[in-house]
Amino acid sequence: MSWPEFDWGDIEQAVALWLRSRHVGARVANELPADLEKKLPLIQVEVTPGGGEDGTSAVTLVDVSTFTVTRTAMWDLARSVHTSMLALAGRQAGGLVIDSVSSDMRPAPVAYGNPALRRAVATYRLTSRAQAPA
C-alpha cells in the first residue's frame, strides 16, 4: 500500500506546548538541564519507542516525568499533569489534532539517583492525525 506524503508533526513539541500553557509555574522541557535541581519544578516530555501509523492516524507513546523537591509536591504536580494530559484529547496543540489520549502507565514514583529530587513518570498513548502538506 502506498501512502500519501503527510506531515506527522512534532508530537513531543505539541505536548510540551500544551503542558506549558497549563502549568505556568513549572518549566517544561524535552531535555533535562545540567542544573536540574535549580530549575524545579520541571516537567519533561519524551517520545518513547512504540506506536505506529495507519496512513491517516499515528499512535505515539509519550513519557511525562515530573521533577520536584518533595514527595508531596511530586504527587501534586504529577496528578495535575495527568489531568492535563487526559484533557488534551479532542484538541489541537502545536498545530496537531490530538484525537485521543489514554494512559498506559499512571504516574508513579521512579528513583532518579539524586536525593534532592523526587520524580514521577507516566506513559501516555496519543492518537493524532496526519497533516496534509502545504
# chains A, B, ... in the order shown; residues from 1 in each chain; ligands from 1
call {"tool": "closest_atom_pairs", "arguments": {"of": "stretch 89-123 of chain A", "to": "stretch 52-76 of chain A", "cutoff": "9 Å", "atoms": "only C-alpha atoms", "output": "CSV"}}
result
residue,atom,partner,partner_atom,distance
A:Asp99,CA,A:Ser57,CA,8.9
A:Asp104,CA,A:Leu61,CA,8.5
A:Pro107,CA,A:Trp75,CA,8.3
A:Ala108,CA,A:Trp75,CA,8.6
A:Pro109,CA,A:Met74,CA,8.3
A:Pro115,CA,A:Val69,CA,9.0
A:Ala116,CA,A:Val69,CA,6.1
A:Leu117,CA,A:Val69,CA,4.9
A:Arg118,CA,A:Thr68,CA,5.3
A:Arg119,CA,A:Phe67,CA,4.6
A:Ala120,CA,A:Thr66,CA,5.3
A:Val121,CA,A:Ser65,CA,4.3
A:Ala122,CA,A:Val64,CA,5.4
A:Thr123,CA,A:Asp63,CA,4.4
call {"tool": "write_last_selection", "arguments": {"atoms": "C-alpha atoms", "output": "mmCIF file, in the first residue's frame"}}
result
data_model
loop_
_atom_site.group_PDB
_atom_site.id
_atom_site.type_symbol
_atom_site.label_atom_id
_atom_site.label_comp_id
_atom_site.auth_asym_id
_atom_site.auth_seq_id
_atom_site.Cartn_x
_atom_site.Cartn_y
_atom_site.Cartn_z
ATOM 1 C CA ASP A 99 -7.890 12.637 18.723
ATOM 2 C CA ASP A 104 -0.547 3.188 29.548
ATOM 3 C CA PRO A 107 2.019 8.495 37.381
ATOM 4 C CA ALA A 108 4.308 6.541 39.692
ATOM 5 C CA PRO A 109 7.433 7.422 41.659
ATOM 6 C CA PRO A 115 18.441 12.551 46.872
ATOM 7 C CA ALA A 116 17.494 16.222 46.354
ATOM 8 C CA LEU A 117 14.915 15.315 43.671
ATOM 9 C CA ARG A 118 11.645 13.436 43.507
ATOM 10 C CA ARG A 119 10.395 12.122 40.156
ATOM 11 C CA ALA A 120 7.131 10.622 38.947
ATOM 12 C CA VAL A 121 6.766 9.126 35.465
ATOM 13 C CA ALA A 122 3.641 8.366 33.424
ATOM 14 C CA THR A 123 3.247 6.982 29.898
#
call {"tool": "closest_residue", "arguments": {"among": "A:Val47, A:Ile98, A:Leu86, A:Ala16", "to": "A:Ala130", "atoms": "only C-alpha atoms"}}
result
A:Ile98
call {"tool": "select_by_dssp", "arguments": {"residues": "chain A", "states": "strand (DSSP E or B)", "output": "number ranges by chain"}}
result
A: 7, 27-29, 42-53, 57-68, 91-93, 96-109, 118-129, 131
call {"tool": "select_by_dssp", "arguments": {"residues": "chain A", "states": "alpha helix (DSSP H)", "output": "list in words"}}
result
Ile11, Glu12, Gln13, Ala14, Val15, Ala16, Leu17, Trp18, Leu19, Arg20, Ser21, Arg22, Arg71, Thr72, Ala73, Met74, Trp75, Asp76, Leu77, Ala78, Arg79, Ser80, Val81, His82, Thr83, Ser84, Met85, Leu86 and Ala87 of chain A
call {"tool": "residues_around", "arguments": {"residues": "stretch 19-28 of chain A", "least_positions_apart": "5", "cutoff": "8 Å", "atoms": "only C-alpha atoms", "output": "short mmCIF file (atom, residue, chain, number, x, y, z; two decimals) with N, CA and C atoms, in the first residue's frame"}}
result
data_model
loop_
_atom_site.label_atom_id
_atom_site.label_comp_id
_atom_site.auth_asym_id
_atom_site.auth_seq_id
_atom_site.Cartn_x
_atom_site.Cartn_y
_atom_site.Cartn_z
N LYS A 39 16.17 24.13 38.66
CA LYS A 39 15.12 24.50 37.69
C LYS A 39 13.77 23.86 38.03
N LEU A 40 13.56 23.56 39.28
CA LEU A 40 12.34 22.86 39.69
C LEU A 40 11.22 23.83 40.02
N PRO A 41 9.98 23.43 39.88
CA PRO A 41 9.51 22.16 39.35
C PRO A 41 9.69 22.10 37.83
N LEU A 42 9.87 20.88 37.33
CA LEU A 42 10.11 20.69 35.91
C LEU A 42 9.31 19.50 35.39
N ILE A 43 8.77 19.64 34.19
CA ILE A 43 8.03 18.58 33.50
C ILE A 43 8.82 18.24 32.25
N GLN A 44 9.17 16.96 32.11
CA GLN A 44 9.91 16.51 30.91
C GLN A 44 8.97 15.68 30.04
N VAL A 45 8.99 15.97 28.72
CA VAL A 45 8.17 15.26 27.75
C VAL A 45 9.10 14.55 26.77
N VAL A 81 -0.62 17.21 36.10
CA VAL A 81 -0.18 16.94 34.72
C VAL A 81 -1.00 15.80 34.12
N SER A 84 -4.15 17.20 32.90
CA SER A 84 -3.90 17.98 31.68
C SER A 84 -3.69 17.08 30.47
N MET A 85 -2.96 16.00 30.66
CA MET A 85 -2.71 15.08 29.53
C MET A 85 -4.02 14.48 29.04
#
call {"tool": "atom_distance", "arguments": {"atom1": "atom CA of A:Gly9", "atom2": "atom CA of A:Val97"}}
result
9.9 Å
call {"tool": "closest_residue", "arguments": {"among": "A:Ala14, A:Ala78, A:Ala93, A:Leu88", "to": "A:Val110", "atoms": "only C-alpha atoms"}}
result
A:Ala78
call {"tool": "decode", "arguments": {"residues": "stretch 93-121 of chain A", "atoms": "N, CA and C atoms", "output": "tab-separated table (two decimals), in the first residue's frame"}}
result
chain	number	residue	atom	x	y	z
A	93	ALA	N	-2.90	21.10	19.48
A	93	ALA	CA	-1.72	21.60	20.19
A	93	ALA	C	-0.56	21.59	19.21
A	94	GLY	N	0.17	22.67	19.15
A	94	GLY	CA	1.34	22.73	18.28
A	94	GLY	C	1.01	22.43	16.83
A	95	GLY	N	-0.19	22.77	16.38
A	95	GLY	CA	-0.60	22.54	15.00
A	95	GLY	C	-1.08	21.12	14.72
A	96	LEU	N	-1.13	20.27	15.74
A	96	LEU	CA	-1.58	18.88	15.56
A	96	LEU	C	-2.98	18.70	16.16
A	97	VAL	N	-3.77	17.85	15.53
A	97	VAL	CA	-5.05	17.45	16.09
A	97	VAL	C	-4.81	16.17	16.88
A	98	ILE	N	-5.13	16.21	18.17
A	98	ILE	CA	-4.97	15.05	19.04
A	98	ILE	C	-6.36	14.44	19.23
A	99	ASP	N	-6.57	13.27	18.65
A	99	ASP	CA	-7.89	12.64	18.72
A	99	ASP	C	-8.15	11.97	20.06
A	100	SER	N	-7.16	11.26	20.58
A	100	SER	CA	-7.38	10.56	21.85
A	100	SER	C	-6.09	10.51	22.66
A	101	VAL	N	-6.30	10.39	23.97
A	101	VAL	CA	-5.18	10.24	24.91
A	101	VAL	C	-5.62	9.23	25.95
A	102	SER	N	-4.78	8.25	26.20
A	102	SER	CA	-5.03	7.31	27.29
A	102	SER	C	-3.70	7.09	28.01
A	103	SER	N	-3.80	6.61	29.25
A	103	SER	CA	-2.56	6.37	29.99
A	103	SER	C	-2.25	4.88	29.94
A	104	ASP	N	-1.04	4.56	29.50
A	104	ASP	CA	-0.55	3.19	29.55
A	104	ASP	C	0.02	2.90	30.93
A	105	MET	N	0.55	3.94	31.57
A	105	MET	CA	1.07	3.82	32.93
A	105	MET	C	0.74	5.12	33.66
A	106	ARG	N	-0.04	5.01	34.71
A	106	ARG	CA	-0.39	6.19	35.51
A	106	ARG	C	0.87	6.71	36.22
A	107	PRO	N	0.84	7.96	36.69
A	107	PRO	CA	2.02	8.50	37.38
A	107	PRO	C	2.44	7.61	38.55
A	108	ALA	N	3.74	7.36	38.61
A	108	ALA	CA	4.31	6.54	39.69
A	108	ALA	C	5.70	7.06	40.02
A	109	PRO	N	6.09	6.97	41.29
A	109	PRO	CA	7.43	7.42	41.66
A	109	PRO	C	8.50	6.52	41.04
A	110	VAL	N	9.55	7.15	40.54
A	110	VAL	CA	10.69	6.42	39.98
A	110	VAL	C	11.94	7.09	40.52
A	111	ALA	N	12.83	6.30	41.12
A	111	ALA	CA	14.07	6.85	41.68
A	111	ALA	C	14.88	7.53	40.59
A	112	TYR	N	15.53	8.62	40.96
A	112	TYR	CA	16.32	9.38	40.00
A	112	TYR	C	17.81	9.33	40.29
A	113	GLY	N	18.21	8.94	41.47
A	113	GLY	CA	19.62	8.88	41.79
A	113	GLY	C	20.17	10.16	42.38
A	114	ASN	N	19.31	11.12	42.63
A	114	ASN	CA	19.71	12.36	43.28
A	114	ASN	C	18.79	12.54	44.48
A	115	PRO	N	19.31	12.47	45.69
A	115	PRO	CA	18.44	12.55	46.87
A	115	PRO	C	17.74	13.90	47.04
A	116	ALA	N	18.14	14.91	46.27
A	116	ALA	CA	17.49	16.22	46.35
A	116	ALA	C	16.28	16.33	45.43
A	117	LEU	N	16.01	15.27	44.65
A	117	LEU	CA	14.92	15.31	43.67
A	117	LEU	C	13.93	14.18	43.89
A	118	ARG	N	12.68	14.47	43.55
A	118	ARG	CA	11.64	13.44	43.51
A	118	ARG	C	11.08	13.45	42.09
A	119	ARG	N	10.88	12.23	41.53
A	119	ARG	CA	10.40	12.12	40.16
A	119	ARG	C	9.23	11.15	40.10
A	120	ALA	N	8.22	11.53	39.30
A	120	ALA	CA	7.13	10.62	38.95
A	120	ALA	C	7.12	10.54	37.43
A	121	VAL	N	6.80	9.35	36.91
A	121	VAL	CA	6.77	9.13	35.47
A	121	VAL	C	5.43	8.50	35.10
